[in-house]
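Pasting work.cif here (mmCIF, C-alpha atoms):
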```cif
data_structure
#
loop_
_atom_site.label_atom_id
_atom_site.label_comp_id
_atom_site.auth_asym_id
_atom_site.auth_seq_id
_atom_site.Cartn_x
_atom_site.Cartn_y
_atom_site.Cartn_z
CA MET A 1 -31.26 6.30 -4.96
CA ASN A 2 -31.13 2.65 -3.87
CA PHE A 3 -30.59 2.18 -0.15
CA SER A 4 -31.20 -1.59 -0.11
CA LYS A 5 -28.69 -3.72 1.75
CA PRO A 6 -26.18 -5.80 -0.20
CA VAL A 7 -27.11 -9.48 -0.36
CA ILE A 8 -24.46 -12.10 0.42
CA GLU A 9 -24.93 -15.77 -0.37
CA VAL A 10 -23.74 -18.12 2.41
CA VAL A 11 -22.08 -21.24 1.03
CA ASN A 12 -21.22 -23.94 3.57
CA LEU A 13 -18.44 -26.06 2.08
CA GLY A 14 -18.18 -28.32 5.14
CA ARG A 15 -14.90 -30.17 5.78
CA ILE A 16 -12.82 -29.58 2.67
CA SER A 17 -9.19 -29.70 1.64
CA TYR A 18 -7.36 -26.39 1.27
CA GLY A 19 -6.79 -27.01 -2.43
CA ASN A 20 -10.49 -27.60 -3.10
CA ALA A 21 -11.36 -24.47 -1.11
CA LEU A 22 -8.99 -22.46 -3.32
CA GLN A 23 -10.83 -23.78 -6.38
CA ALA A 24 -14.18 -22.79 -4.86
CA GLN A 25 -12.90 -19.28 -4.21
CA ARG A 26 -11.59 -18.97 -7.77
CA LYS A 27 -14.99 -19.92 -9.18
CA PHE A 28 -16.72 -17.05 -7.38
CA ILE A 29 -13.87 -14.61 -8.09
CA ARG A 30 -13.97 -15.41 -11.82
CA ARG A 31 -17.67 -14.60 -11.96
CA HIS A 32 -16.93 -11.13 -10.56
CA PHE A 33 -13.96 -10.54 -12.89
CA ASP A 34 -15.94 -11.63 -15.96
CA ALA A 35 -18.71 -9.19 -15.04
CA LEU A 36 -16.20 -6.37 -14.50
CA SER A 37 -14.69 -7.12 -17.92
CA GLN A 38 -18.17 -7.35 -19.45
CA LEU A 39 -17.48 -10.90 -20.61
CA PRO A 40 -20.34 -13.37 -21.09
CA THR A 41 -20.72 -15.55 -18.01
CA ALA A 42 -22.80 -18.66 -17.42
CA GLU A 43 -23.53 -17.56 -13.86
CA PRO A 44 -24.04 -14.00 -12.60
CA PRO A 45 -21.57 -12.65 -10.02
CA VAL A 46 -22.67 -12.91 -6.41
CA ASN A 47 -21.17 -11.72 -3.16
CA ALA A 48 -20.52 -14.91 -1.22
CA LEU A 49 -19.43 -16.04 2.20
CA LEU A 50 -17.70 -19.42 1.97
CA LEU A 51 -17.61 -21.26 5.30
CA CYS A 52 -15.55 -24.37 5.91
CA GLU A 53 -13.18 -26.42 8.03
CA HIS A 54 -9.92 -27.74 6.64
CA ALA A 55 -7.96 -30.91 7.05
CA PRO A 56 -4.63 -30.01 8.73
CA VAL A 57 -2.67 -27.61 6.52
CA TYR A 58 0.08 -25.04 6.96
CA THR A 59 -0.12 -22.05 4.62
CA ILE A 60 2.22 -19.18 3.90
CA GLY A 61 1.32 -15.84 2.37
CA ILE A 62 2.89 -13.57 -0.22
CA ARG A 63 4.99 -11.80 2.42
CA THR A 64 6.98 -14.99 2.88
CA ALA A 65 10.22 -15.44 0.96
CA GLN A 66 11.04 -18.89 -0.40
CA TYR A 67 10.24 -21.21 2.50
CA PRO A 68 13.04 -23.68 3.29
CA ILE A 69 12.24 -27.02 1.71
CA GLU A 70 13.48 -28.75 4.86
CA GLU A 71 10.88 -26.88 6.94
CA GLU A 72 8.16 -27.64 4.44
CA GLU A 73 9.00 -31.35 4.55
CA ARG A 74 9.15 -31.28 8.36
CA LEU A 75 5.63 -29.86 8.55
CA LYS A 76 4.31 -32.31 5.98
CA GLY A 77 5.84 -35.07 8.08
CA LEU A 78 3.47 -34.09 10.89
CA GLY A 79 0.54 -35.13 8.70
CA ALA A 80 -0.40 -31.73 7.32
CA GLU A 81 -0.53 -30.33 3.80
CA PHE A 82 1.52 -27.25 2.86
CA TYR A 83 0.50 -24.42 0.52
CA GLN A 84 1.70 -20.98 -0.51
CA ALA A 85 -1.31 -18.73 -1.08
CA ASN A 86 -1.72 -15.25 -2.53
CA ARG A 87 -3.03 -13.82 0.75
CA GLY A 88 -1.24 -11.39 3.01
CA GLY A 89 0.58 -12.56 6.10
CA LEU A 90 3.11 -15.21 7.02
CA ILE A 91 2.75 -18.84 8.08
CA THR A 92 -0.33 -20.12 9.88
CA PHE A 93 -2.24 -23.34 10.46
CA HIS A 94 -5.75 -24.39 9.50
CA GLY A 95 -7.42 -27.55 10.70
CA PRO A 96 -10.44 -29.23 12.25
CA GLY A 97 -12.15 -27.19 14.95
CA GLN A 98 -11.45 -23.91 13.18
CA LEU A 99 -14.17 -21.82 11.55
CA VAL A 100 -12.70 -20.60 8.28
CA CYS A 101 -14.53 -17.87 6.40
CA TYR A 102 -13.67 -16.74 2.87
CA PRO A 103 -15.73 -13.66 1.88
CA ILE A 104 -15.75 -13.19 -1.91
CA LEU A 105 -17.09 -9.64 -2.06
CA ASN A 106 -17.10 -6.79 -4.52
CA LEU A 107 -16.18 -3.90 -2.23
CA ALA A 108 -17.88 -1.51 -4.65
CA HIS A 109 -21.11 -2.81 -3.08
CA PHE A 110 -19.84 -1.86 0.38
CA ARG A 111 -16.93 0.55 0.61
CA LYS A 112 -13.94 0.59 -1.71
CA SER A 113 -11.33 0.50 1.04
CA VAL A 114 -9.16 -2.49 1.92
CA ARG A 115 -8.31 -0.95 5.29
CA TRP A 116 -12.01 -0.53 6.08
CA TYR A 117 -12.69 -4.12 5.00
CA VAL A 118 -9.98 -5.65 7.21
CA GLY A 119 -11.22 -3.51 10.09
CA GLU A 120 -14.75 -4.84 9.59
CA LEU A 121 -13.48 -8.43 9.70
CA GLU A 122 -11.67 -7.62 12.95
CA ARG A 123 -14.73 -5.93 14.46
CA THR A 124 -16.96 -8.83 13.38
CA THR A 125 -14.70 -11.26 15.22
CA ILE A 126 -14.45 -9.04 18.29
CA GLN A 127 -18.23 -8.73 18.50
CA LEU A 128 -18.60 -12.48 18.06
CA CYS A 129 -16.22 -13.06 20.96
CA HIS A 130 -18.25 -10.60 23.03
CA LYS A 131 -21.35 -12.72 22.36
CA PHE A 132 -19.48 -15.58 24.00
CA GLY A 133 -18.51 -13.35 26.92
CA ILE A 134 -14.88 -12.99 25.79
CA LYS A 135 -13.03 -9.67 25.73
CA ALA A 136 -11.12 -9.62 22.45
CA GLU A 137 -9.25 -6.80 20.75
CA THR A 138 -6.90 -5.88 17.96
CA SER A 139 -3.23 -5.11 18.40
CA PRO A 140 -0.45 -3.63 16.26
CA GLU A 141 -0.08 -7.20 14.96
CA THR A 142 -2.59 -8.79 12.62
CA GLY A 143 -5.67 -10.67 13.73
CA VAL A 144 -7.83 -10.64 16.85
CA TRP A 145 -6.38 -11.28 20.28
CA VAL A 146 -7.37 -12.31 23.79
CA GLY A 147 -4.56 -10.86 25.85
CA ASN A 148 -1.31 -11.99 24.24
CA ASN A 149 -2.93 -14.94 22.50
CA LYS A 150 -4.35 -14.83 18.99
CA ILE A 151 -7.82 -16.31 18.67
CA CYS A 152 -8.44 -15.38 15.03
CA ALA A 153 -6.02 -15.02 12.12
CA ILE A 154 -6.83 -12.69 9.23
CA GLY A 155 -5.14 -12.75 5.85
CA ILE A 156 -6.80 -11.44 2.70
CA HIS A 157 -6.26 -10.79 -0.97
CA CYS A 158 -7.98 -8.01 -2.89
CA GLY A 159 -7.73 -7.47 -6.63
CA ARG A 160 -9.90 -4.95 -8.50
CA TYR A 161 -11.76 -4.61 -5.19
CA ILE A 162 -12.79 -8.29 -5.24
CA THR A 163 -11.82 -9.93 -1.94
CA SER A 164 -10.69 -13.47 -1.25
CA HIS A 165 -9.15 -15.52 1.56
CA GLY A 166 -10.32 -14.16 4.92
CA LEU A 167 -10.27 -15.28 8.54
CA ALA A 168 -9.82 -18.38 10.68
CA LEU A 169 -11.37 -18.48 14.15
CA ASN A 170 -10.12 -21.10 16.60
CA CYS A 171 -13.15 -22.83 18.14
CA ASN A 172 -11.97 -26.19 19.47
CA THR A 173 -8.82 -26.50 17.37
CA ASP A 174 -5.98 -28.71 18.56
CA LEU A 175 -3.58 -25.88 19.39
CA LEU A 176 -0.58 -28.21 19.44
CA TRP A 177 -0.41 -27.81 15.65
CA PHE A 178 0.66 -24.19 16.20
CA SER A 179 3.60 -25.24 18.40
CA HIS A 180 5.50 -26.41 15.31
CA ILE A 181 5.63 -22.90 13.77
CA THR A 182 5.87 -19.25 14.74
CA PRO A 183 2.27 -18.30 13.87
CA CYS A 184 2.15 -15.33 11.49
CA GLY A 185 5.84 -14.79 12.23
CA ILE A 186 5.05 -13.10 15.56
CA GLU A 187 7.58 -13.98 18.25
CA GLY A 188 6.69 -14.19 21.93
CA LYS A 189 2.93 -14.48 21.48
CA GLY A 190 0.60 -17.46 21.77
CA VAL A 191 -2.63 -18.78 20.33
CA THR A 192 -5.92 -19.62 21.97
CA SER A 193 -9.45 -20.75 21.12
CA LEU A 194 -13.01 -20.17 22.22
CA SER A 195 -12.89 -23.53 24.00
CA GLN A 196 -9.67 -22.78 25.83
CA VAL A 197 -10.81 -19.35 27.02
CA LEU A 198 -14.26 -20.55 28.10
CA LYS A 199 -12.97 -23.85 29.52
CA ARG A 200 -15.68 -25.77 27.70
CA GLU A 201 -16.07 -27.32 24.28
CA VAL A 202 -17.17 -24.80 21.65
CA THR A 203 -17.60 -26.43 18.26
CA VAL A 204 -17.57 -24.81 14.85
CA SER A 205 -21.27 -25.62 14.54
CA GLU A 206 -22.00 -23.65 17.71
CA ALA A 207 -20.04 -20.64 16.45
CA VAL A 208 -21.47 -20.46 12.92
CA GLU A 209 -24.88 -18.86 13.64
CA PRO A 210 -23.62 -16.13 15.99
CA PHE A 211 -20.82 -15.46 13.52
CA LEU A 212 -23.29 -14.99 10.67
CA GLU A 213 -25.49 -12.73 12.81
CA THR A 214 -22.51 -10.60 13.74
CA PHE A 215 -21.23 -10.46 10.16
CA ALA A 216 -24.63 -9.29 8.89
CA GLU A 217 -24.80 -6.61 11.57
CA GLN A 218 -21.25 -5.37 11.03
CA PHE A 219 -21.39 -5.30 7.21
CA ASN A 220 -25.02 -4.06 7.18
CA CYS A 221 -25.98 -6.76 4.70
CA THR A 222 -28.59 -9.45 4.17
CA LEU A 223 -27.35 -13.04 4.27
CA ARG A 224 -29.07 -15.62 2.08
CA GLN A 225 -28.64 -19.29 3.05
#
```
Show how you would write the structure in this file as structure tokens.
Amino acid sequence: MNFSKPVIEVVNLGRISYGNALQAQRKFIRRHFDALSQLPTAEPPVNALLLCEHAPVYTIGIRTAQYPIEEEERLKGLGAEFYQANRGGLITFHGPGQLVCYPILNLAHFRKSVRWYVGELERTTIQLCHKFGIKAETSPETGVWVGNNKICAIGIHCGRYITSHGLALNCNTDLLWFSHITPCGIEGKGVTSLSQVLKREVTVSEAVEPFLETFAEQFNCTLRQ
């Protein structure tokens, strides 16, 4: 019996548009699907952790009905892109100062449970916040929270136990972008960031290494960079 840890390849995409990040995800997903279908593939499937920051973009998930075109145009008028994605959840914002992580994993190598997987993403983020001295927790709503303010949004897709999309942790994000929407459709709650809670500048670069350490611990895996 093989008790070796799963290996996950870390791919740092840097600052990238949302559309290009979708294409990067699809490339890794296709490699998994081809292997599952026993199709010839130029590259073998790998579990991957795609890290990036986005230019300002508002995205809506599959739980959202047709979004009013007037609202879409209003948000674009602020200087952001607008996309509908096949993730769970409602509207949110991604932009500079936010650590975005897209795990492309075959859950058969971990545990074939979407609920378990989302819980592990939540626990990874909570433990990361603890490393920064921040008490974070889950709530009946999605994501990870510091009090009544969301610090990390989570929205995933899983098909044939291959995951995509993921989480977005606010590091030193300009939180004013969130004031133009109701984030994740949750009324009466706010958003926050590592920088706002700690009252000092916490960049994405500062958060990446402790995030990777926490991810490896929580998922009991080996990260290859």
Counting all atoms listed in the file, what are the residues of region 93-158 of chain A within 10 Å of region 200-204 of chain A, and for each of them which pair of atoms is the nearest and at what distance in Å, to one decimal? Sort the table by chain and rising number, as a tab-separated table.
```
residue	atom	partner	partner_atom	distance
A:Pro96	CA	A:Val204	CA	8.8
A:Gly97	CA	A:Val204	CA	5.9
A:Gln98	CA	A:Val204	CA	6.4
A:Leu99	CA	A:Val204	CA	5.6
A:Val100	CA	A:Val204	CA	9.2
A:Phe132	CA	A:Val202	CA	9.8
```
Between A:Gly133, A:Gly185, A:Gly159, A:Gly14, which residue has the minimum interatomic distance to Ser205 (chain A), considering only C-alpha atoms? A:Gly14
As a check of understanding, name the residues that the PyMOL selection byres ((chain A and resi 44) around 12) selects in the supplied structure, as a PDB file with C-alpha atoms, keeping the file's coordinate frame.
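Final file, selection32.pdb:
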```
ATOM      1  CA  LYS A  27     -14.990 -19.920  -9.180  1.00  0.00           C
ATOM      2  CA  PHE A  28     -16.720 -17.050  -7.380  1.00  0.00           C
ATOM      3  CA  ILE A  29     -13.870 -14.610  -8.090  1.00  0.00           C
ATOM      4  CA  ARG A  30     -13.970 -15.410 -11.820  1.00  0.00           C
ATOM      5  CA  ARG A  31     -17.670 -14.600 -11.960  1.00  0.00           C
ATOM      6  CA  HIS A  32     -16.930 -11.130 -10.560  1.00  0.00           C
ATOM      7  CA  PHE A  33     -13.960 -10.540 -12.890  1.00  0.00           C
ATOM      8  CA  ASP A  34     -15.940 -11.630 -15.960  1.00  0.00           C
ATOM      9  CA  ALA A  35     -18.710  -9.190 -15.040  1.00  0.00           C
ATOM     10  CA  LEU A  36     -16.200  -6.370 -14.500  1.00  0.00           C
ATOM     11  CA  GLN A  38     -18.170  -7.350 -19.450  1.00  0.00           C
ATOM     12  CA  LEU A  39     -17.480 -10.900 -20.610  1.00  0.00           C
ATOM     13  CA  PRO A  40     -20.340 -13.370 -21.090  1.00  0.00           C
ATOM     14  CA  THR A  41     -20.720 -15.550 -18.010  1.00  0.00           C
ATOM     15  CA  ALA A  42     -22.800 -18.660 -17.420  1.00  0.00           C
ATOM     16  CA  GLU A  43     -23.530 -17.560 -13.860  1.00  0.00           C
ATOM     17  CA  PRO A  45     -21.570 -12.650 -10.020  1.00  0.00           C
ATOM     18  CA  VAL A  46     -22.670 -12.910  -6.410  1.00  0.00           C
ATOM     19  CA  ASN A  47     -21.170 -11.720  -3.160  1.00  0.00           C
ATOM     20  CA  ALA A  48     -20.520 -14.910  -1.220  1.00  0.00           C
TER      21      ALA A  48
END
```
Expanded to explicit residues, what is the PyMOL selection byres ((chain A and resi 17) around 12) for this file, as a list of chain:residue names?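 With the shown file as input, the PyMOL selection byres ((chain A and resi 17) around 12) matches A:Leu13, A:Gly14, A:Arg15, A:Ile16, A:Tyr18, A:Gly19, A:Asn20, A:Ala21, A:Leu22, A:Gln23, A:Ala24, A:Cys52, A:Glu53, A:His54, A:Ala55, A:Pro56, A:Val57, A:Tyr58, A:Ala80, A:Glu81, A:Phe82, A:Tyr83, A:His94, A:Gly95, A:Pro96, A:Val100.
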Step by step: start from the point (-14.0, -17.5, 1.7) in the file's coordinates, keep every protein, DNA or RNA residue that has an atom no farther than 10 Å from it, count only C-alpha atoms, and write the set as a PyMOL selection string. chain A and resi 10-13+21-22+24-26+28+48-52+100-105+156+163-168
List as an mmCIF file with C-alpha atoms, keeping the file's coordinate frame the residues having at least one atom at most 12 Å from position (-10.9, -2.8, 7.9) as given in the file, counting all atoms listed in the file.
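What landed in part-v1.cif:
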```cif
data_model
loop_
_atom_site.group_PDB
_atom_site.id
_atom_site.type_symbol
_atom_site.label_atom_id
_atom_site.label_comp_id
_atom_site.auth_asym_id
_atom_site.auth_seq_id
_atom_site.Cartn_x
_atom_site.Cartn_y
_atom_site.Cartn_z
ATOM 1 C CA LEU A 107 -16.180 -3.900 -2.230
ATOM 2 C CA PHE A 110 -19.840 -1.860 0.380
ATOM 3 C CA ARG A 111 -16.930 0.550 0.610
ATOM 4 C CA LYS A 112 -13.940 0.590 -1.710
ATOM 5 C CA SER A 113 -11.330 0.500 1.040
ATOM 6 C CA VAL A 114 -9.160 -2.490 1.920
ATOM 7 C CA ARG A 115 -8.310 -0.950 5.290
ATOM 8 C CA TRP A 116 -12.010 -0.530 6.080
ATOM 9 C CA TYR A 117 -12.690 -4.120 5.000
ATOM 10 C CA VAL A 118 -9.980 -5.650 7.210
ATOM 11 C CA GLY A 119 -11.220 -3.510 10.090
ATOM 12 C CA GLU A 120 -14.750 -4.840 9.590
ATOM 13 C CA LEU A 121 -13.480 -8.430 9.700
ATOM 14 C CA GLU A 122 -11.670 -7.620 12.950
ATOM 15 C CA ARG A 123 -14.730 -5.930 14.460
ATOM 16 C CA THR A 124 -16.960 -8.830 13.380
ATOM 17 C CA THR A 125 -14.700 -11.260 15.220
ATOM 18 C CA THR A 138 -6.900 -5.880 17.960
ATOM 19 C CA THR A 142 -2.590 -8.790 12.620
ATOM 20 C CA GLY A 143 -5.670 -10.670 13.730
ATOM 21 C CA ILE A 154 -6.830 -12.690 9.230
ATOM 22 C CA GLY A 155 -5.140 -12.750 5.850
ATOM 23 C CA ILE A 156 -6.800 -11.440 2.700
ATOM 24 C CA GLY A 166 -10.320 -14.160 4.920
ATOM 25 C CA GLN A 218 -21.250 -5.370 11.030
ATOM 26 C CA PHE A 219 -21.390 -5.300 7.210
#
```
